[in-house]
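Coordinates from protein-v3.cif are shown below (mmCIF, C-alpha atoms and all ligand atoms).
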data_target
loop_
_atom_site.label_atom_id
_atom_site.label_comp_id
_atom_site.auth_asym_id
_atom_site.auth_seq_id
_atom_site.Cartn_x
_atom_site.Cartn_y
_atom_site.Cartn_z
CA MET A 1 -17.50 -9.96 -4.72
CA GLN A 2 -19.27 -9.56 -1.38
CA SER A 3 -20.11 -6.34 0.43
CA TYR A 4 -17.85 -5.67 3.40
CA LYS A 5 -18.23 -8.00 6.34
CA HIS A 6 -15.77 -8.44 9.16
CA ALA A 7 -15.05 -12.12 9.55
CA GLY A 8 -12.12 -11.98 11.94
CA PRO A 9 -8.40 -11.78 11.21
CA VAL A 10 -6.79 -13.31 8.14
CA ASP A 11 -4.92 -16.51 8.96
CA CYS A 12 -1.37 -15.63 8.00
CA THR A 13 0.11 -18.99 8.97
CA VAL A 14 -1.36 -21.03 6.14
CA ASP A 15 0.02 -22.15 2.79
CA PHE A 16 -1.70 -20.49 -0.14
CA ASP A 17 -1.74 -20.93 -3.90
CA PRO A 18 -1.19 -17.76 -5.93
CA SER A 19 -0.91 -19.59 -9.29
CA HIS A 20 -4.27 -18.22 -10.53
CA LEU A 21 -2.76 -14.71 -10.55
CA LYS A 22 -0.50 -15.67 -13.46
CA GLY A 23 -0.97 -13.46 -16.52
CA LYS A 24 -2.57 -10.57 -14.60
CA THR A 25 -1.02 -7.11 -14.64
CA ALA A 26 0.00 -5.10 -11.59
CA ILE A 27 1.31 -1.60 -10.97
CA VAL A 28 3.85 -0.96 -8.21
CA THR A 29 4.87 2.60 -7.38
CA GLY A 30 8.34 3.10 -5.94
CA GLY A 31 9.22 -0.31 -7.34
CA ALA A 32 12.90 0.20 -8.14
CA ASN A 33 14.26 -0.38 -4.62
CA GLY A 34 13.49 -1.69 -1.17
CA LEU A 35 10.04 -3.01 -0.41
CA GLY A 36 8.66 -1.96 -3.78
CA GLU A 37 11.32 -4.06 -5.48
CA ALA A 38 10.35 -6.98 -3.22
CA TYR A 39 6.70 -6.63 -4.33
CA VAL A 40 7.82 -6.54 -7.96
CA ARG A 41 9.96 -9.65 -7.50
CA SER A 42 7.27 -11.65 -5.71
CA LEU A 43 4.71 -10.82 -8.40
CA VAL A 44 7.03 -11.64 -11.28
CA ALA A 45 7.98 -14.95 -9.64
CA ILE A 46 4.39 -16.17 -10.03
CA GLY A 47 3.92 -14.84 -13.56
CA VAL A 48 2.24 -11.49 -12.91
CA LYS A 49 3.29 -8.75 -15.34
CA VAL A 50 4.43 -5.67 -13.48
CA CYS A 51 4.63 -2.08 -14.62
CA PHE A 52 6.51 -0.16 -11.97
CA GLY A 53 7.12 3.54 -11.56
CA ASP A 54 9.97 5.19 -9.74
CA LEU A 55 12.08 8.34 -9.61
CA ASP A 56 15.22 6.22 -9.69
CA ILE A 57 15.83 5.81 -13.43
CA GLU A 58 19.06 3.85 -13.09
CA GLY A 59 17.66 1.40 -10.52
CA GLY A 60 14.40 1.04 -12.44
CA MET A 61 16.07 0.30 -15.75
CA LYS A 62 18.39 -2.21 -14.13
CA LEU A 63 15.50 -4.08 -12.55
CA GLU A 64 13.49 -4.04 -15.78
CA GLU A 65 16.47 -5.51 -17.60
CA GLU A 66 16.89 -8.23 -14.97
CA LEU A 67 13.25 -9.27 -14.68
CA GLN A 68 11.30 -10.45 -17.71
CA GLY A 69 7.67 -9.40 -17.59
CA THR A 70 8.36 -5.98 -16.11
CA LYS A 71 8.21 -2.48 -17.51
CA PHE A 72 9.80 0.50 -15.82
CA ILE A 73 8.35 3.98 -16.15
CA ARG A 74 10.02 7.05 -14.70
CA CYS A 75 7.36 8.52 -12.43
CA ASP A 76 7.17 10.97 -9.58
CA THR A 77 4.04 9.86 -7.72
CA SER A 78 3.49 13.35 -6.33
CA ASN A 79 2.98 14.50 -9.94
CA TRP A 80 -0.51 13.72 -11.30
CA ASP A 81 0.51 13.70 -14.96
CA ASP A 82 3.33 11.24 -14.26
CA GLN A 83 0.89 8.85 -12.65
CA VAL A 84 -1.64 9.19 -15.47
CA GLN A 85 1.15 8.16 -17.83
CA LEU A 86 2.18 5.25 -15.58
CA PHE A 87 -1.34 3.82 -15.69
CA LYS A 88 -1.60 4.30 -19.47
CA GLU A 89 1.71 2.51 -19.97
CA ALA A 90 0.60 -0.31 -17.67
CA ALA A 91 -2.65 -0.78 -19.59
CA SER A 92 -0.81 -1.01 -22.89
CA PHE A 93 1.75 -3.39 -21.34
CA SER A 94 -1.08 -5.67 -20.15
CA GLN A 95 -2.04 -8.55 -22.48
CA THR A 96 -5.71 -7.77 -21.89
CA GLY A 97 -5.42 -4.01 -21.48
CA LYS A 98 -6.58 -4.51 -17.89
CA ILE A 99 -4.89 -3.69 -14.61
CA ALA A 100 -5.74 -6.11 -11.83
CA TYR A 101 -3.63 -4.97 -8.89
CA VAL A 102 -2.23 -1.63 -7.80
CA ILE A 103 0.32 -1.28 -5.01
CA ALA A 104 0.68 2.33 -3.85
CA ASN A 105 4.09 1.77 -2.33
CA ALA A 106 6.17 4.90 -3.03
CA GLY A 107 6.88 6.67 0.21
CA ILE A 108 9.54 8.75 1.92
CA HIS A 109 10.70 9.60 5.42
CA ARG A 110 12.29 12.98 6.25
CA PRO A 111 13.32 14.89 9.40
CA ASP A 112 10.02 16.38 10.49
CA GLU A 113 9.92 20.17 10.34
CA VAL A 114 6.45 20.19 11.89
CA TYR A 115 8.03 18.81 15.02
CA LEU A 116 11.46 20.49 14.99
CA TYR A 117 11.94 23.55 17.19
CA SER A 118 13.89 26.42 15.58
CA SER A 119 15.06 28.41 18.61
CA ASN A 120 13.75 30.87 21.18
CA ASP A 121 14.74 33.90 19.13
CA GLN A 122 13.47 32.71 15.73
CA GLU A 123 9.98 33.00 14.32
CA PRO A 124 8.62 29.57 13.37
CA GLN A 125 9.25 28.83 9.68
CA LYS A 126 6.70 27.28 7.34
CA PRO A 127 7.47 23.54 7.52
CA GLU A 128 8.53 21.48 4.55
CA LEU A 129 5.75 18.94 3.87
CA SER A 130 7.16 16.66 1.18
CA VAL A 131 6.26 13.58 3.23
CA ILE A 132 2.62 14.61 2.88
CA ASP A 133 3.06 15.34 -0.84
CA VAL A 134 4.48 11.91 -1.60
CA ASN A 135 2.94 9.66 1.04
CA ILE A 136 -0.58 11.12 1.03
CA CYS A 137 -1.10 13.14 -2.18
CA GLY A 138 0.86 10.63 -4.26
CA SER A 139 -1.05 7.68 -2.78
CA LEU A 140 -4.37 9.48 -3.35
CA TYR A 141 -3.46 10.02 -7.02
CA THR A 142 -2.65 6.30 -7.26
CA THR A 143 -5.95 5.51 -5.54
CA LYS A 144 -7.99 7.70 -7.89
CA LEU A 145 -6.41 6.15 -10.96
CA ALA A 146 -6.78 2.60 -9.62
CA LEU A 147 -10.49 3.19 -8.94
CA HIS A 148 -10.94 4.70 -12.38
CA TYR A 149 -9.38 1.73 -14.16
CA PHE A 150 -11.17 -0.82 -11.98
CA MET A 151 -14.56 0.79 -12.64
CA LYS A 152 -13.88 1.13 -16.34
CA GLN A 153 -12.95 -2.55 -16.52
CA ASN A 154 -15.65 -3.97 -14.23
CA GLY A 155 -18.51 -1.48 -14.38
CA GLN A 156 -20.28 -0.15 -11.32
CA ASN A 157 -22.82 -2.90 -10.70
CA PRO A 158 -21.82 -6.07 -8.88
CA SER A 159 -21.95 -9.11 -11.14
CA SER A 160 -20.39 -12.54 -11.35
CA VAL A 161 -18.39 -11.62 -14.45
CA GLN A 162 -16.38 -8.91 -12.68
CA GLU A 163 -12.72 -9.88 -12.44
CA ASP A 164 -11.06 -9.49 -9.06
CA THR A 165 -9.09 -6.29 -8.64
CA CYS A 166 -7.31 -5.00 -5.56
CA LEU A 167 -5.71 -1.78 -4.34
CA ILE A 168 -2.96 -2.11 -1.74
CA LEU A 169 -2.04 0.92 0.35
CA ILE A 170 1.13 1.00 2.41
CA GLY A 171 0.98 1.80 6.10
CA SER A 172 3.68 1.13 8.66
CA GLY A 173 4.11 0.41 12.35
CA ALA A 174 3.69 4.20 12.36
CA ALA A 175 0.11 3.64 11.16
CA PHE A 176 -0.98 2.32 14.54
CA LEU A 177 1.88 2.63 17.07
CA ASP A 178 3.13 5.75 18.85
CA VAL A 179 6.24 6.95 17.01
CA PRO A 180 7.48 10.01 18.87
CA ARG A 181 9.00 12.94 16.91
CA ALA A 182 7.45 12.08 13.54
CA PRO A 183 3.98 13.64 13.26
CA GLN A 184 4.11 14.00 9.45
CA TYR A 185 5.16 10.45 8.73
CA CYS A 186 2.66 9.08 11.26
CA ALA A 187 -0.13 11.22 9.82
CA SER A 188 0.71 9.97 6.34
CA LYS A 189 0.61 6.33 7.39
CA TRP A 190 -2.53 6.55 9.54
CA ALA A 191 -4.04 8.24 6.48
CA MET A 192 -3.66 5.06 4.45
CA ARG A 193 -5.86 3.24 6.93
CA GLY A 194 -8.39 6.06 6.63
CA VAL A 195 -8.47 5.73 2.85
CA MET A 196 -8.93 1.98 3.17
CA HIS A 197 -11.77 2.39 5.70
CA SER A 198 -13.54 4.80 3.38
CA LEU A 199 -13.30 2.50 0.35
CA ARG A 200 -13.67 -0.99 1.72
CA ARG A 201 -17.48 -0.97 1.97
CA THR A 202 -18.16 0.23 -1.58
CA ALA A 203 -15.34 -1.59 -3.43
CA PHE A 204 -17.61 -4.55 -4.21
CA TYR A 205 -19.68 -2.37 -6.57
CA TYR A 206 -16.78 -2.41 -9.02
CA GLY A 207 -15.60 -5.93 -8.17
CA SER A 208 -12.72 -4.75 -6.08
CA ARG A 209 -10.98 -4.89 -2.74
CA VAL A 210 -8.71 -2.58 -0.76
CA ASN A 211 -6.18 -3.57 1.88
CA VAL A 212 -3.20 -2.14 3.74
CA ILE A 213 0.23 -3.67 4.20
CA SER A 214 1.99 -2.17 7.20
CA PRO A 215 5.68 -3.03 7.35
CA TRP A 216 7.67 -2.97 10.54
CA TYR A 217 11.36 -1.91 10.23
CA VAL A 218 12.81 -3.39 7.04
CA LYS A 219 16.37 -2.53 6.09
CA THR A 220 15.99 -0.47 2.91
CA LYS A 221 17.11 2.96 1.74
CA ILE A 222 14.27 4.78 3.50
CA LEU A 223 16.58 5.53 6.44
CA SER A 224 20.36 5.88 6.54
CA GLU A 225 22.62 2.91 7.33
CA GLU A 226 23.41 4.62 10.65
CA ALA A 227 19.76 5.00 11.54
CA PHE A 228 19.06 1.32 10.86
CA ALA A 229 22.21 0.32 12.79
CA HIS A 230 20.97 2.39 15.72
CA VAL A 231 17.58 0.62 15.65
CA SER A 232 19.26 -2.75 15.43
CA ASN A 233 21.64 -1.93 18.29
CA ALA A 234 18.63 -1.00 20.40
CA GLY A 235 17.60 -4.66 20.16
CA VAL A 236 14.84 -4.37 17.57
CA GLN A 237 14.32 -7.36 15.30
CA PHE A 238 13.72 -6.27 11.70
CA ALA A 239 11.15 -7.62 9.30
CA GLU A 240 12.20 -8.96 5.88
CA ALA A 241 11.37 -7.52 2.46
CA GLU A 242 10.75 -11.03 1.09
CA ASP A 243 8.11 -11.59 3.77
CA ALA A 244 6.40 -8.38 2.63
CA GLY A 245 6.38 -9.85 -0.89
CA GLN A 246 4.73 -13.04 0.37
CA CYS A 247 2.27 -10.98 2.40
CA LEU A 248 1.25 -9.23 -0.81
CA LEU A 249 0.67 -12.56 -2.57
CA ARG A 250 -1.33 -13.86 0.41
CA ILE A 251 -3.70 -10.90 0.09
CA LEU A 252 -3.98 -10.94 -3.69
CA SER A 253 -4.54 -14.68 -3.91
CA ASP A 254 -7.61 -14.65 -1.67
CA LYS A 255 -10.66 -12.77 -3.01
CA ASN A 256 -12.20 -12.75 0.45
CA ILE A 257 -9.52 -10.49 1.90
CA ASN A 258 -10.95 -6.98 1.87
CA GLY A 259 -10.55 -4.18 4.39
CA HIS A 260 -7.65 -5.64 6.33
CA SER A 261 -4.30 -4.28 7.44
CA ILE A 262 -1.59 -6.90 7.51
CA PHE A 263 1.47 -6.17 9.60
CA VAL A 264 4.79 -7.33 8.14
CA SER A 265 6.51 -8.13 11.36
CA GLY A 266 9.70 -9.41 12.88
CA ARG A 267 9.73 -13.20 12.75
CA LYS A 268 9.71 -13.36 16.54
CA TRP A 269 6.06 -12.29 16.37
CA ALA A 270 4.87 -14.14 13.27
CA SER A 271 6.04 -17.45 11.83
CA ARG A 272 5.88 -16.23 8.21
CA GLY A 273 6.80 -12.63 8.98
CA TYR A 274 3.32 -11.19 8.57
CA MET A 275 0.17 -11.17 10.66
CA ASP A 276 -3.31 -9.68 10.88
CA LEU A 277 -3.56 -7.77 14.16
CA ASP A 278 -7.29 -7.31 13.55
CA LEU A 279 -7.11 -3.59 14.33
CA GLU A 280 -9.57 -2.42 11.71
CA ASP A 281 -12.81 -3.47 13.38
CA PHE A 282 -14.25 -3.24 16.85
CA SER A 283 -15.59 -6.73 17.27
CA GLY A 284 -16.97 -7.13 20.76
CA ASN A 285 -17.52 -3.39 21.17
CA ALA A 286 -21.27 -2.94 20.72
CA LEU A 287 -21.12 0.82 21.32
CA ILE A 288 -18.67 1.54 18.47
CA GLN A 289 -20.56 -0.83 16.19
CA GLU A 290 -23.74 1.11 16.91
CA MET A 291 -21.89 4.36 16.14
CA GLN A 292 -20.68 2.87 12.85
CA GLU A 293 -24.27 2.00 11.91
CA ASP A 294 -25.36 5.55 12.69
CA GLN A 295 -22.41 6.95 10.75
CA MET A 296 -23.71 5.27 7.60
CA ARG A 297 -27.44 5.67 8.34
CA PRO A 298 -27.92 8.85 6.23
CA ALA A 299 -26.15 7.28 3.24
CA PRO A 300 -26.20 3.50 3.53
CA VAL A 301 -23.89 1.50 1.27
CA SER A 302 -26.98 -0.20 -0.22
CA LYS A 303 -28.04 3.16 -1.75
CA GLY A 304 -25.30 2.88 -4.34
CA LEU A 305 -21.74 3.72 -5.24
CA PHE A 306 -22.35 7.42 -5.93
CA ILE A 307 -25.23 9.14 -4.15
N1 LIG B 401 11.58 0.13 5.26
C1 LIG B 401 10.83 0.28 6.33
O1 LIG B 401 11.28 0.07 7.47
C2 LIG B 401 9.39 0.68 6.19
C3 LIG B 401 8.57 0.52 7.31
C4 LIG B 401 7.25 0.90 7.20
C5 LIG B 401 6.74 1.37 6.01
N2 LIG B 401 7.56 1.50 4.94
C6 LIG B 401 6.96 2.03 3.71
O2 LIG B 401 7.25 1.19 2.62
C7 LIG B 401 7.31 1.96 1.42
C8 LIG B 401 8.61 1.68 0.68
O3 LIG B 401 9.68 2.10 1.51
P1 LIG B 401 11.14 1.47 1.41
O4 LIG B 401 11.55 1.18 2.79
O5 LIG B 401 11.19 0.42 0.38
O6 LIG B 401 11.93 2.78 0.95
P2 LIG B 401 13.13 2.94 -0.11
O7 LIG B 401 13.57 4.35 0.06
O8 LIG B 401 14.13 1.85 0.02
O9 LIG B 401 12.41 2.77 -1.51
C9 LIG B 401 11.42 3.67 -1.91
C10 LIG B 401 11.37 3.72 -3.41
O10 LIG B 401 10.39 4.70 -3.76
C11 LIG B 401 10.97 5.61 -4.67
N3 LIG B 401 10.33 6.91 -4.51
C12 LIG B 401 10.47 7.82 -3.52
N4 LIG B 401 9.72 8.90 -3.76
C13 LIG B 401 9.09 8.68 -4.93
C14 LIG B 401 8.18 9.44 -5.71
N5 LIG B 401 7.76 10.65 -5.35
N6 LIG B 401 7.73 8.88 -6.86
C15 LIG B 401 8.14 7.67 -7.26
N7 LIG B 401 9.00 6.91 -6.57
C16 LIG B 401 9.47 7.42 -5.42
C17 LIG B 401 12.45 5.65 -4.36
O11 LIG B 401 13.20 6.09 -5.47
C18 LIG B 401 12.69 4.19 -4.02
O12 LIG B 401 12.96 3.43 -5.17
C19 LIG B 401 7.12 3.41 1.85
O13 LIG B 401 5.76 3.78 1.69
C20 LIG B 401 7.47 3.39 3.32
O14 LIG B 401 6.86 4.42 4.04
C21 LIG B 401 8.87 1.17 5.00
#
Hey, can you dump this file as structure tokens for me?
Ligand SMILES: NC(=O)c1ccc[n+]([C@@H]2O[C@H](COP(=O)([O-])OP(=O)(O)OC[C@H]3O[C@@H](n4cnc5c(N)ncnc54)[C@H](O)[C@@H]3O)[C@@H](O)[C@H]2O)c1
Amino acid sequence: MQSYKHAGPVDCTVDFDPSHLKGKTAIVTGGANGLGEAYVRSLVAIGVKVCFGDLDIEGGMKLEEELQGTKFIRCDTSNWDDQVQLFKEAASFSQTGKIAYVIANAGIHRPDEVYLYSSNDQEPQKPELSVIDVNICGSLYTTKLALHYFMKQNGQNPSSVQEDTCLILIGSGAAFLDVPRAPQYCASKWAMRGVMHSLRRTAFYYGSRVNVISPWYVKTKILSEEAFAHVSNAGVQFAEAEDAGQCLLRILSDKNINGHSIFVSGRKWASRGYMDLDLEDFSGNALIQEMQEDQMRPAPVSKGLFI
């Protein structure tokens, strides 16, 4: 595994061969429905064993029954103990006891009480912040556990015997576009890019990588039927869950992909439904690159994983 180096956008138009992933074990949170289910299906289709956690017991059990090579665990990702259990179950489900890939997918969207205005004659009420609890706290729990398992498996010193591991965080169009009226959701999705930026330079110490998948509108249960119909009627072309699944395999199958955000887009923008917008670096901007150097000067990556 190499230390982080920006080498331009990932070519998302090429054929790729994910067959070497066969036999590995992955964790998908929120895997019982929607995009999480698509990630589970794409992984299983190439022979990856998948342990997936979800709040939806009925949906999870149904999917586990349908797909050989999967294990469903009831898990609320905003609950630390639930996630500890999910990772333990995944390790015992794995043929080798190892977890290679972790997809921190579980996420919710709610009317945003940070934004909503009560009325002129009401005191502002403390806002409900469950989007932060699930989308940020839950994803940070997943991140901590993924790092723990990856380091335990691979050690903390780069070597040629380390087996590739990868953490995938889930952003959104709301992770880089202006989405009016949704400060909580936007904060939670921009946050995933922040986590990735913080980890991508040190991941090589434990033989790992970290990337973000940012889906555009995909028709799932995250919004109501009416809300999706409204978006569609406004002339927006949706992205496809299956393309998100292929995007995941594109990232996992190439050990050189580290520190990228891949946008799962409408097909009108990308022939395979996903593309690297190359938003995570400032190539060509010497000033920001100099600032980045200075940012790390007091604690360079070369000083070690923990200093
Ligand atoms: N669908 C879209 O248009 C879209 C766009 C951008 C980003 N995303 C992101 O993709 C991810 C998946 O969304 P989706 O569209 O598939 O939504 P979905 O609602 O269809 O599915 C989400 C799944 O996560 C589960 N879940 C919710 N909260 C959970 C929790 N606390 N613990 C465990 N499981 C939980 C649900 O039960 C469900 O099975 C989310 O992070 C979402 O923000 C979706």
Problem set entry | Given 6 Å and all atoms listed in the file, residues near ligand LIG 401 (chain B) as a PyMOL selection string | chain A and resi 30-36+54-56+75-78+105-108+134+170-172+215-222
Exercise. What separation in Å, quoted to one decimal, exists between CA of Glu225 in chain A and CA of Arg267 in chain A?
Worked result: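 CA of Glu225 in chain A sits 21.3 Å away from CA of Arg267 in chain A.
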Exercise. What separation in Å, quoted to one decimal, exists between CA of Gly207 in chain A and CA of His148 in chain A?
Worked result: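 Computing the Euclidean distance for CA of Gly207 in chain A and CA of His148 in chain A yields 12.3 Å.
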Exercise. In Å, with one decimal, what is the gap from CA of Ile99 in chain A to CA of Gly23 in chain A?
Worked result: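 Between these atoms lies a distance of 10.7 Å.
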Problem set entry | Selection: 7 Å around Ile73 in chain A, all atoms listed in the file, excl. self and same-chain fewer than 5 positions, as a list in words |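 Close residues of Ile73 in chain A: Phe52, Gly53, Asp54 and Leu86 of chain A.
Nearest to Leu279 in chain A of all the residues A:Ile46, A:Val131, A:Ile136, A:Val10 is A:Val10, counting only C-alpha atoms.
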Set out as JSON lines a contact list for range 113-213 of chain A and range 252-261 of chain A with a cut-off of 9 Å, giving each residue of range 113-213 of chain A that qualifies its closest atom pair and distance in Å to one decimal, counting only C-alpha atoms, ordered by chain and rising residue number.
{"residue": "A:Asp164", "atom": "CA", "partner": "A:Lys255", "partner_atom": "CA", "distance": 6.9}
{"residue": "A:Thr165", "atom": "CA", "partner": "A:Leu252", "partner_atom": "CA", "distance": 8.5}
{"residue": "A:Cys166", "atom": "CA", "partner": "A:Leu252", "partner_atom": "CA", "distance": 7.1}
{"residue": "A:Gly171", "atom": "CA", "partner": "A:Ser261", "partner_atom": "CA", "distance": 8.2}
{"residue": "A:Arg193", "atom": "CA", "partner": "A:Ser261", "partner_atom": "CA", "distance": 7.7}
{"residue": "A:Met196", "atom": "CA", "partner": "A:Gly259", "partner_atom": "CA", "distance": 6.5}
{"residue": "A:His197", "atom": "CA", "partner": "A:Gly259", "partner_atom": "CA", "distance": 6.8}
{"residue": "A:Leu199", "atom": "CA", "partner": "A:Gly259", "partner_atom": "CA", "distance": 8.3}
{"residue": "A:Arg200", "atom": "CA", "partner": "A:Gly259", "partner_atom": "CA", "distance": 5.2}
{"residue": "A:Arg201", "atom": "CA", "partner": "A:Gly259", "partner_atom": "CA", "distance": 8.0}
{"residue": "A:Ala203", "atom": "CA", "partner": "A:Asn258", "partner_atom": "CA", "distance": 8.7}
{"residue": "A:Ser208", "atom": "CA", "partner": "A:Asn258", "partner_atom": "CA", "distance": 8.4}
{"residue": "A:Arg209", "atom": "CA", "partner": "A:Asn258", "partner_atom": "CA", "distance": 5.1}
{"residue": "A:Val210", "atom": "CA", "partner": "A:Asn258", "partner_atom": "CA", "distance": 5.6}
{"residue": "A:Asn211", "atom": "CA", "partner": "A:Gly259", "partner_atom": "CA", "distance": 5.1}
{"residue": "A:Val212", "atom": "CA", "partner": "A:Ser261", "partner_atom": "CA", "distance": 4.4}
{"residue": "A:Ile213", "atom": "CA", "partner": "A:Ser261", "partner_atom": "CA", "distance": 5.6}
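The nearest approach to Leu147 in chain A among the residues A:Glu128, A:Thr96, A:Phe87, A:Arg74, with all atoms listed in the file taken into account, belongs to A:Phe87.
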Problem set entry | Local residues around (-26.9, 4.3, -6.0), at most 12 Å away, using only C-alpha atoms, as a list of chain:residue names |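 Checked against the point, the hits come out as A:Gln156, A:Asn157, A:Pro158, A:Thr202, A:Tyr205, A:Ala299, A:Pro300, A:Val301, A:Ser302, A:Lys303, A:Gly304, A:Leu305, A:Phe306, A:Ile307.
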Kindly save the residues from that selection, with C-alpha atoms included, as an mmCIF file, in the frame of the given file.
data_model
loop_
_atom_site.group_PDB
_atom_site.id
_atom_site.type_symbol
_atom_site.label_atom_id
_atom_site.label_comp_id
_atom_site.auth_asym_id
_atom_site.auth_seq_id
_atom_site.Cartn_x
_atom_site.Cartn_y
_atom_site.Cartn_z
ATOM 1 C CA GLN A 156 -20.280 -0.150 -11.320
ATOM 2 C CA ASN A 157 -22.820 -2.900 -10.700
ATOM 3 C CA PRO A 158 -21.820 -6.070 -8.880
ATOM 4 C CA THR A 202 -18.160 0.230 -1.580
ATOM 5 C CA TYR A 205 -19.680 -2.370 -6.570
ATOM 6 C CA ALA A 299 -26.150 7.280 3.240
ATOM 7 C CA PRO A 300 -26.200 3.500 3.530
ATOM 8 C CA VAL A 301 -23.890 1.500 1.270
ATOM 9 C CA SER A 302 -26.980 -0.200 -0.220
ATOM 10 C CA LYS A 303 -28.040 3.160 -1.750
ATOM 11 C CA GLY A 304 -25.300 2.880 -4.340
ATOM 12 C CA LEU A 305 -21.740 3.720 -5.240
ATOM 13 C CA PHE A 306 -22.350 7.420 -5.930
ATOM 14 C CA ILE A 307 -25.230 9.140 -4.150
#
What box, with edges along x, y and z, holds each listed atom of range 189-195 of chain A when 4 Å is added on every side, and can you state its centre and edge lengths in Å to one decimal, as AutoDock Vina command-line options?
--center_x -3.9 --center_y 5.7 --center_z 6.2 --size_x 17.1 --size_y 13.0 --size_z 14.7
Problem set entry | Residue nearest Arg110 in chain A among A:Asn154, A:Asn233, A:Gln162, A:Ser224 (counting all atoms listed in the file) | A:Ser224
For this session: Could you give me, as a PyMOL selection string, the residues within 10 Å of Leu145 in chain A, counting all atoms listed in the file and dropping anything in the same chain fewer than 2 positions from it?
Result: chain A and resi 80+83-84+86-88+102+139-143+147-151
Exercise. Out of A:Gly47, A:Gly138, A:Pro111, A:Gly273, which residue has the shortest atom-to-atom distance to Ala182 in chain A when counting only C-alpha atoms?
Worked result: A:Pro111
For this session: For Val48 in chain A, work out the shell of residues within 9 Å, counting all atoms listed in the file and skipping chain neighbours fewer than 4 positions away, then give it as a PyMOL selection string.
Result: chain A and resi 21-26+40+42-44+69-70
Now that the selection is made, can you save its residues with C-alpha atoms as a tab-separated table (two decimals), in the frame of the given file?
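Dumped everything to part-v9.tsv:
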chain	number	residue	atom	x	y	z
A	21	LEU	CA	-2.76	-14.71	-10.55
A	22	LYS	CA	-0.50	-15.67	-13.46
A	23	GLY	CA	-0.97	-13.46	-16.52
A	24	LYS	CA	-2.57	-10.57	-14.60
A	25	THR	CA	-1.02	-7.11	-14.64
A	26	ALA	CA	0.00	-5.10	-11.59
A	40	VAL	CA	7.82	-6.54	-7.96
A	42	SER	CA	7.27	-11.65	-5.71
A	43	LEU	CA	4.71	-10.82	-8.40
A	44	VAL	CA	7.03	-11.64	-11.28
A	69	GLY	CA	7.67	-9.40	-17.59
A	70	THR	CA	8.36	-5.98	-16.11
